[in-house]
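Here's the structure we're looking at; comments come further down.
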Amino acid sequence: MTNLPRVQLKKGEGRRIRGGHPWIYSNEIATGVTPLKTFSPGQEVVVEAHDKSFVGTGYINPHSLIAGRIMSRDPSIQLDQAFFVQQIQNALALRARLFSHPYYRLVFGESDQLPGLVIDRFGHDFVVQVNTAGMELKTELVINALREVFPDLSSVLLRNDSQIRTHEGLETYVKPAYGQPPQEVSLEENGVSFIAPLEKGQKTGWFYDHRLNRGRLQHYVADKKVLDVFSYVGGWGIQAAFYGAKSVDCIEVSELAGQFITRNAELNQVADKVRVICDDAFDAMKKLLHVDKRYDVIILDPPAFVKKFKDRKEGLIAYQRLNEMALKLLTPGGILFSCSCSMHIGMDDLFGLLQRAAYRAQCQIQILERGHQGPDHPLHVSIPETDYLKAVVVRKV
């Protein structure tokens, strides 16, 4: 520890970080004392306050706005394999308590005190996503720690192809880190079986964050006509069919994902209820409106329309258009599951755009339930950005 280089904070900048926030912005560093240019991307450092008192151990990237990230606040801790084993075991203890089957997000970055690291578990196969330069240098330790915690581990796939990495000056790639990762994995959610593509799928292959929200479907879909928009591999739509929907139309622009919807329908013996509409979501919904199609339940789970704060205005308009079309497609008394994974869109924003969408669709709405990400995506109390997922159950009056 004593041999690590020091990063000193400006006077008055230590309070937020001592209060639990792990991020250090570049303008909070006393560059006159510890110039950023002297550090290499991802370098492990000790962070000190202006008075040189210990704040934490972490890593630094002089080329990023978030220049430093704290990983430990114990001066006796080294960021070695034993550290990663302990952190992964802590994360596992929570998930093992929550879920009876080994399908969940094992590590959720800062919320699990491992900033820049995401790990999804699919039984004995794991998908790891490394999003920062500091964690990139620790990748081998992470893989070795996983193998120590899970002796029966079969494979680890690195899905390091997120756009976040470009802000850290990192290349993007997808490659095996251990074993021979399968092209597709099996998983179980809410009593329903699925297969999902790993290497060619979206993000880590599956979206565990909506588990509880998808479970809410069982209260609304029995003997109903359902439309699942942005279906991906059918996480929502197949569960709706499994829970007793009369019919389910799944809109999905990816032909590969559409093939998985069909396979998942067959896997759960609901193929006779499920239809895949391979088309752009907005175009498909316009066509459905044109032929006067109506549904009893509609699920909107779009990608993030607002990835950056500057995109808020255009993104809000897109969300509103989407919800307006959904409300027009709903039968009176119909149910809308409206979701957003944009961290720059809050629940109040979602309520506001739903209100505007209802006005334009010439209907009234009731809010029945609100949801967010499941407990394997815990919120970091100091980082509002970790509270990114919103789901609202709406009834058209």
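Each chain in the structure tokens gets a letter, A, B, ..., in the order shown, and its residues are numbered from 1; ligands are numbered from 1 in order too.
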Counting only C-alpha atoms, what is within 7 Å of Asp161 in chain A, bar same-chain residues fewer than 4 positions away, as a list in words?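 Here the qualifying residues turn out to be Thr172, Tyr173 and Val174 of chain A.
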Which residues come within 8 Å of Ser111 in chain A, counting only C-alpha atoms, excluding same-chain residues fewer than 3 positions away, as a list in words?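 In the requested form, the answer reads Phe108, Leu114, Pro115, His377, Pro378, Leu379, His380 and Thr386 of chain A.
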Among the residues A:Gln373, A:Ser231, A:Gln43, A:Gln87, the one that comes closest to Met343 in chain A [using only C-alpha atoms]: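 Nearest to Met343 in chain A: A:Gln373.
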Exercise: Ser342 in chain A partners within 9 Å, only C-alpha atoms, chain neighbours under 3 positions left out, as a ChimeraX atom specification: /A:303-308,345-346,388-390
Shortest interatomic distance to Tyr220 in chain A - which of A:Asn190, A:Asn61, A:Gln239, A:Ser162, counting only C-alpha atoms: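 Smallest separation from Tyr220 in chain A among the options: A:Gln239.
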List the spatial neighbours of Arg263 in chain A as a list of chain:residue names - criterion: any atom at most 9 Å away, only C-alpha atoms, same-chain residues fewer than 5 positions off excluded. A:Phe194, A:Ile195, A:Val233, A:Gly258, A:Asn268, A:Ala271
Residues of the last selection are to be written out with all heavy atoms, as a tab-separated table (two decimals), in the first residue's frame.
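Final output, out-v1.tsv:
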chain	number	residue	atom	x	y	z
A	194	PHE	N	-35.96	-20.07	-20.63
A	194	PHE	CA	-35.53	-19.31	-21.80
A	194	PHE	C	-34.17	-19.79	-22.28
A	194	PHE	O	-33.39	-20.36	-21.53
A	194	PHE	CB	-35.40	-17.81	-21.46
A	194	PHE	CG	-36.70	-17.12	-21.21
A	194	PHE	CD1	-37.22	-17.01	-19.93
A	194	PHE	CD2	-37.41	-16.56	-22.27
A	194	PHE	CE1	-38.42	-16.37	-19.70
A	194	PHE	CE2	-38.62	-15.91	-22.04
A	194	PHE	CZ	-39.12	-15.81	-20.76
A	195	ILE	N	-33.91	-19.51	-23.56
A	195	ILE	CA	-32.56	-19.57	-24.10
A	195	ILE	C	-32.24	-18.19	-24.64
A	195	ILE	O	-33.13	-17.49	-25.14
A	195	ILE	CB	-32.41	-20.65	-25.20
A	195	ILE	CG1	-33.50	-20.51	-26.27
A	195	ILE	CG2	-32.39	-22.04	-24.60
A	195	ILE	CD1	-33.31	-21.43	-27.45
A	233	VAL	N	-35.67	-11.28	-27.04
A	233	VAL	CA	-35.87	-12.72	-27.20
A	233	VAL	C	-37.16	-13.20	-26.53
A	233	VAL	O	-37.37	-14.39	-26.34
A	233	VAL	CB	-34.66	-13.53	-26.66
A	233	VAL	CG1	-33.40	-13.20	-27.46
A	233	VAL	CG2	-34.43	-13.28	-25.18
A	258	GLY	N	-35.68	-12.52	-33.12
A	258	GLY	CA	-36.98	-13.09	-33.46
A	258	GLY	C	-36.96	-14.61	-33.50
A	258	GLY	O	-37.93	-15.26	-33.09
A	268	ASN	N	-41.55	-23.36	-24.10
A	268	ASN	CA	-42.56	-23.26	-23.05
A	268	ASN	C	-43.95	-23.71	-23.50
A	268	ASN	O	-44.94	-23.47	-22.81
A	268	ASN	CB	-42.62	-21.82	-22.53
A	268	ASN	CG	-41.38	-21.43	-21.75
A	268	ASN	OD1	-41.26	-21.77	-20.57
A	268	ASN	ND2	-40.45	-20.74	-22.40
A	271	ALA	N	-46.21	-21.91	-28.41
A	271	ALA	CA	-45.95	-21.46	-29.78
A	271	ALA	C	-47.24	-21.11	-30.53
A	271	ALA	O	-47.25	-20.24	-31.40
A	271	ALA	CB	-45.17	-22.53	-30.55
Calculate how many Å separate CA of Ala222 in chain A from CA of Met285 in chain A, rounding to one decimal.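 CA of Ala222 in chain A sits 22.8 Å away from CA of Met285 in chain A.
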Residue set, range 127-265 of chain A restricted to strand (DSSP E), as a PyMOL selection string: chain A and resi 127-130+155-160+173-178+184-189+192-197+225-229+247-251
Residues at most 7 Å from Lys175 in chain A, counting only C-alpha atoms, excluding those fewer than 5 positions away in the same chain, as a PyMOL selection string? chain A and resi 157-159
If we count only C-alpha atoms, what is near Phe207 in chain A at a cut-off of 12 Å, once residues fewer than 4 positions away on the same chain are taken out, given as a ChimeraX atom specification? /A:103-105,120-122,187,189,194,196-198,201-203,211-214,231-236,301,303,341,373-374,376-377,389
Restricted to N, CA and C atoms, what would the selected residues look like written as a compact mmCIF listing (two decimals), in the first residue's frame?
# COMPACT_ATOMS: atom_id res chain seq x y z
N TYR A 103 -29.37 -17.80 -11.73
CA TYR A 103 -29.52 -16.92 -12.89
C TYR A 103 -29.80 -15.51 -12.38
N TYR A 104 -28.79 -14.65 -12.44
CA TYR A 104 -28.93 -13.31 -11.89
C TYR A 104 -27.71 -12.47 -12.25
N ARG A 105 -27.83 -11.16 -11.98
CA ARG A 105 -26.66 -10.28 -12.05
C ARG A 105 -25.89 -10.48 -10.76
N ASP A 120 -22.80 -11.15 -15.08
CA ASP A 120 -24.07 -11.88 -15.11
C ASP A 120 -23.79 -13.37 -15.06
N ARG A 121 -24.62 -14.08 -14.30
CA ARG A 121 -24.44 -15.52 -14.14
C ARG A 121 -25.56 -16.28 -14.85
N PHE A 122 -25.15 -17.28 -15.62
CA PHE A 122 -26.09 -18.20 -16.26
C PHE A 122 -25.67 -19.62 -15.87
N LEU A 187 -31.69 -20.32 -19.15
CA LEU A 187 -31.93 -19.66 -17.87
C LEU A 187 -33.38 -19.82 -17.49
N GLU A 189 -36.59 -17.74 -15.33
CA GLU A 189 -37.03 -16.51 -14.69
C GLU A 189 -38.52 -16.60 -14.38
N PHE A 194 -35.96 -20.07 -20.63
CA PHE A 194 -35.53 -19.31 -21.80
C PHE A 194 -34.17 -19.79 -22.28
N ALA A 196 -30.98 -17.77 -24.52
CA ALA A 196 -30.58 -16.44 -24.95
C ALA A 196 -29.21 -16.51 -25.61
N PRO A 197 -28.97 -15.67 -26.61
CA PRO A 197 -27.66 -15.64 -27.28
C PRO A 197 -26.65 -14.87 -26.43
N LEU A 198 -25.45 -15.42 -26.29
CA LEU A 198 -24.43 -14.73 -25.50
C LEU A 198 -23.61 -13.77 -26.34
N GLY A 201 -25.90 -11.60 -28.68
CA GLY A 201 -27.07 -10.99 -28.08
C GLY A 201 -26.82 -9.56 -27.65
N GLN A 202 -27.85 -8.93 -27.12
CA GLN A 202 -27.71 -7.56 -26.62
C GLN A 202 -27.07 -7.56 -25.24
N LYS A 203 -26.22 -6.57 -25.00
CA LYS A 203 -25.52 -6.41 -23.73
C LYS A 203 -24.86 -7.73 -23.31
N ARG A 211 -36.84 -8.50 -14.02
CA ARG A 211 -37.41 -9.76 -13.51
C ARG A 211 -38.71 -9.55 -12.73
N LEU A 212 -38.69 -8.67 -11.75
CA LEU A 212 -39.88 -8.46 -10.91
C LEU A 212 -41.01 -7.79 -11.69
N ASN A 213 -40.67 -6.87 -12.59
CA ASN A 213 -41.69 -6.21 -13.39
C ASN A 213 -42.36 -7.20 -14.34
N ARG A 214 -41.58 -8.10 -14.92
CA ARG A 214 -42.17 -9.12 -15.79
C ARG A 214 -43.05 -10.07 -14.98
N SER A 231 -39.30 -6.62 -28.23
CA SER A 231 -39.42 -7.89 -27.51
C SER A 231 -38.09 -8.55 -27.20
N TYR A 232 -37.04 -8.25 -27.98
CA TYR A 232 -35.74 -8.94 -27.89
C TYR A 232 -35.97 -10.44 -28.04
N VAL A 233 -35.67 -11.28 -27.04
CA VAL A 233 -35.87 -12.72 -27.20
C VAL A 233 -37.16 -13.20 -26.53
N GLY A 234 -38.05 -12.25 -26.17
CA GLY A 234 -39.36 -12.62 -25.65
C GLY A 234 -39.48 -12.66 -24.14
N GLY A 235 -38.60 -11.96 -23.44
CA GLY A 235 -38.65 -11.99 -21.97
C GLY A 235 -40.02 -11.66 -21.41
N TRP A 236 -40.63 -10.62 -21.96
CA TRP A 236 -41.97 -10.22 -21.54
C TRP A 236 -43.04 -11.08 -22.21
N ASP A 301 -40.94 -1.75 -23.66
CA ASP A 301 -39.65 -1.82 -22.97
C ASP A 301 -38.55 -1.44 -23.97
N PRO A 303 -35.19 0.51 -25.81
CA PRO A 303 -33.81 0.81 -25.41
C PRO A 303 -33.74 2.23 -24.87
N CYS A 341 -35.27 2.71 -19.48
CA CYS A 341 -33.99 2.37 -18.85
C CYS A 341 -33.00 3.53 -18.99
N GLN A 373 -35.60 -1.63 -11.01
CA GLN A 373 -34.81 -2.84 -11.22
C GLN A 373 -34.86 -3.75 -10.00
N GLY A 374 -34.62 -5.05 -10.25
CA GLY A 374 -34.66 -6.05 -9.20
C GLY A 374 -33.50 -5.92 -8.21
N ASP A 376 -31.02 -7.72 -7.53
CA ASP A 376 -29.66 -8.07 -7.96
C ASP A 376 -29.04 -6.91 -8.73
N HIS A 377 -29.77 -5.78 -8.80
CA HIS A 377 -29.24 -4.52 -9.33
C HIS A 377 -29.43 -3.46 -8.23
N LEU A 389 -33.77 2.24 -13.86
CA LEU A 389 -34.89 1.54 -14.51
C LEU A 389 -36.23 1.95 -13.91
Just list as an MDAnalysis selection string whatever in range 26-110 of chain A DSSP marks as alpha helix (DSSP H). chainID A and resid 81:98
Restricted to all heavy atoms, what would the selected residues look like written as a tab-separated table (two decimals), in the first residue's frame?
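File written: selection_29.tsv
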chain	number	residue	atom	x	y	z
A	81	GLN	N	-6.04	-10.61	-5.58
A	81	GLN	CA	-7.06	-11.62	-5.86
A	81	GLN	C	-7.93	-11.88	-4.64
A	81	GLN	O	-9.15	-12.08	-4.75
A	81	GLN	CB	-6.40	-12.92	-6.32
A	81	GLN	CG	-7.43	-14.00	-6.72
A	81	GLN	CD	-6.79	-15.19	-7.39
A	81	GLN	OE1	-5.87	-15.03	-8.18
A	81	GLN	NE2	-7.26	-16.39	-7.08
A	82	ALA	N	-7.33	-11.88	-3.46
A	82	ALA	CA	-8.10	-12.11	-2.23
A	82	ALA	C	-9.17	-11.04	-2.06
A	82	ALA	O	-10.29	-11.33	-1.59
A	82	ALA	CB	-7.16	-12.12	-1.02
A	83	PHE	N	-8.85	-9.80	-2.43
A	83	PHE	CA	-9.83	-8.72	-2.36
A	83	PHE	C	-11.02	-9.01	-3.26
A	83	PHE	O	-12.18	-8.89	-2.85
A	83	PHE	CB	-9.18	-7.39	-2.76
A	83	PHE	CG	-10.16	-6.28	-3.01
A	83	PHE	CD1	-10.72	-5.57	-1.97
A	83	PHE	CD2	-10.52	-5.95	-4.32
A	83	PHE	CE1	-11.62	-4.55	-2.20
A	83	PHE	CE2	-11.44	-4.93	-4.56
A	83	PHE	CZ	-11.98	-4.22	-3.50
A	84	PHE	N	-10.74	-9.41	-4.50
A	84	PHE	CA	-11.83	-9.69	-5.45
A	84	PHE	C	-12.63	-10.92	-5.03
A	84	PHE	O	-13.86	-10.96	-5.21
A	84	PHE	CB	-11.27	-9.84	-6.86
A	84	PHE	CG	-10.92	-8.54	-7.50
A	84	PHE	CD1	-9.62	-8.06	-7.47
A	84	PHE	CD2	-11.90	-7.78	-8.11
A	84	PHE	CE1	-9.30	-6.84	-8.05
A	84	PHE	CE2	-11.59	-6.55	-8.69
A	84	PHE	CZ	-10.28	-6.08	-8.66
A	85	VAL	N	-11.98	-11.90	-4.46
A	85	VAL	CA	-12.70	-13.08	-3.95
A	85	VAL	C	-13.69	-12.65	-2.88
A	85	VAL	O	-14.86	-13.05	-2.88
A	85	VAL	CB	-11.71	-14.13	-3.40
A	85	VAL	CG1	-12.46	-15.19	-2.58
A	85	VAL	CG2	-10.95	-14.79	-4.54
A	86	GLN	N	-13.23	-11.80	-1.96
A	86	GLN	CA	-14.09	-11.34	-0.86
A	86	GLN	C	-15.27	-10.54	-1.39
A	86	GLN	O	-16.42	-10.74	-0.97
A	86	GLN	CB	-13.28	-10.49	0.11
A	86	GLN	CG	-14.09	-9.98	1.32
A	86	GLN	CD	-14.63	-11.11	2.18
A	86	GLN	OE1	-13.88	-11.98	2.60
A	86	GLN	NE2	-15.93	-11.10	2.44
A	87	GLN	N	-15.02	-9.65	-2.35
A	87	GLN	CA	-16.10	-8.82	-2.88
A	87	GLN	C	-17.12	-9.66	-3.65
A	87	GLN	O	-18.33	-9.43	-3.55
A	87	GLN	CB	-15.52	-7.74	-3.79
A	87	GLN	CG	-14.63	-6.72	-3.09
A	87	GLN	CD	-15.33	-5.98	-1.98
A	87	GLN	OE1	-15.34	-6.43	-0.84
A	87	GLN	NE2	-15.95	-4.86	-2.30
A	88	ILE	N	-16.64	-10.63	-4.42
A	88	ILE	CA	-17.56	-11.49	-5.17
A	88	ILE	C	-18.34	-12.39	-4.23
A	88	ILE	O	-19.54	-12.63	-4.43
A	88	ILE	CB	-16.78	-12.32	-6.22
A	88	ILE	CG1	-16.25	-11.38	-7.32
A	88	ILE	CG2	-17.66	-13.40	-6.84
A	88	ILE	CD1	-15.31	-12.05	-8.30
A	89	GLN	N	-17.71	-12.86	-3.17
A	89	GLN	CA	-18.43	-13.66	-2.17
A	89	GLN	C	-19.52	-12.84	-1.49
A	89	GLN	O	-20.62	-13.34	-1.23
A	89	GLN	CB	-17.45	-14.21	-1.14
A	89	GLN	CG	-16.59	-15.36	-1.65
A	89	GLN	CD	-15.57	-15.83	-0.63
A	89	GLN	OE1	-15.14	-15.06	0.24
A	89	GLN	NE2	-15.14	-17.08	-0.74
A	90	ASN	N	-19.21	-11.57	-1.20
A	90	ASN	CA	-20.22	-10.69	-0.60
A	90	ASN	C	-21.41	-10.50	-1.54
A	90	ASN	O	-22.58	-10.53	-1.12
A	90	ASN	CB	-19.61	-9.33	-0.29
A	90	ASN	CG	-18.67	-9.35	0.90
A	90	ASN	OD1	-18.70	-10.30	1.69
A	90	ASN	ND2	-17.82	-8.35	1.02
A	91	ALA	N	-21.11	-10.31	-2.82
A	91	ALA	CA	-22.17	-10.15	-3.82
A	91	ALA	C	-22.98	-11.44	-3.95
A	91	ALA	O	-24.21	-11.40	-4.05
A	91	ALA	CB	-21.57	-9.76	-5.17
A	92	LEU	N	-22.31	-12.56	-3.94
A	92	LEU	CA	-22.98	-13.86	-4.07
A	92	LEU	C	-23.90	-14.12	-2.89
A	92	LEU	O	-24.99	-14.68	-3.05
A	92	LEU	CB	-21.94	-14.97	-4.18
A	92	LEU	CG	-22.47	-16.41	-4.21
A	92	LEU	CD1	-23.39	-16.63	-5.40
A	92	LEU	CD2	-21.31	-17.40	-4.23
A	93	ALA	N	-23.48	-13.72	-1.68
A	93	ALA	CA	-24.30	-13.96	-0.49
A	93	ALA	C	-25.68	-13.33	-0.63
A	93	ALA	O	-26.70	-13.91	-0.25
A	93	ALA	CB	-23.59	-13.42	0.75
A	94	LEU	N	-25.72	-12.13	-1.23
A	94	LEU	CA	-27.01	-11.46	-1.45
A	94	LEU	C	-27.85	-12.23	-2.46
A	94	LEU	O	-29.02	-12.53	-2.23
A	94	LEU	CB	-26.78	-10.03	-1.94
A	94	LEU	CG	-28.03	-9.30	-2.46
A	94	LEU	CD1	-29.04	-9.12	-1.33
A	94	LEU	CD2	-27.66	-7.97	-3.09
A	95	ARG	N	-27.24	-12.58	-3.61
A	95	ARG	CA	-28.00	-13.25	-4.67
A	95	ARG	C	-28.46	-14.64	-4.24
A	95	ARG	O	-29.58	-15.05	-4.57
A	95	ARG	CB	-27.16	-13.35	-5.94
A	95	ARG	CG	-27.13	-12.08	-6.78
A	95	ARG	CD	-26.36	-10.96	-6.14
A	95	ARG	NE	-26.32	-9.75	-6.99
A	95	ARG	CZ	-25.66	-8.67	-6.63
A	95	ARG	NH1	-25.01	-8.61	-5.48
A	95	ARG	NH2	-25.68	-7.61	-7.42
A	96	ALA	N	-27.63	-15.36	-3.52
A	96	ALA	CA	-28.02	-16.70	-3.06
A	96	ALA	C	-29.20	-16.61	-2.10
A	96	ALA	O	-30.04	-17.52	-2.03
A	96	ALA	CB	-26.83	-17.38	-2.38
A	97	ARG	N	-29.29	-15.51	-1.37
A	97	ARG	CA	-30.42	-15.31	-0.46
A	97	ARG	C	-31.69	-14.98	-1.22
A	97	ARG	O	-32.80	-15.34	-0.80
A	97	ARG	CB	-30.06	-14.16	0.49
A	97	ARG	CG	-31.10	-13.87	1.56
A	97	ARG	CD	-30.58	-12.78	2.48
A	97	ARG	NE	-31.50	-12.52	3.58
A	97	ARG	CZ	-31.25	-11.66	4.56
A	97	ARG	NH1	-30.10	-10.99	4.58
A	97	ARG	NH2	-32.13	-11.47	5.52
A	98	LEU	N	-31.54	-14.32	-2.36
A	98	LEU	CA	-32.70	-13.85	-3.13
A	98	LEU	C	-33.28	-14.89	-4.08
A	98	LEU	O	-34.49	-14.95	-4.29
A	98	LEU	CB	-32.30	-12.61	-3.94
A	98	LEU	CG	-31.95	-11.35	-3.17
A	98	LEU	CD1	-31.34	-10.32	-4.12
A	98	LEU	CD2	-33.19	-10.78	-2.50
Write out as a PyMOL selection string the residues lying within 12 Å of Phe54 in chain A, counting only C-alpha atoms and excluding same-chain residues fewer than 6 positions away. chain A and resi 1-2+6-9+14+17-18+45-48+70+72-76
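Among the candidate residues A:Asp80, A:Asp125, A:Asp279, A:Glu188, the one lying nearest to Thr139 in chain A is A:Asp80, with distances computed using only C-alpha atoms.
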Pick the closest to Ser155 in chain A from A:Arg360, A:Arg370, A:His124, A:Lys138: which is it, counting only C-alpha atoms?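 For Ser155 in chain A, the nearest of the candidates is A:His124.
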Counting only C-alpha atoms, figure out which residue out of A:Val130, A:Leu227, A:Ala265, A:Ile298 gets nearest to Ile277 in chain A.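 Once distances to Ile277 in chain A are computed over only C-alpha atoms, the minimum belongs to A:Leu227.
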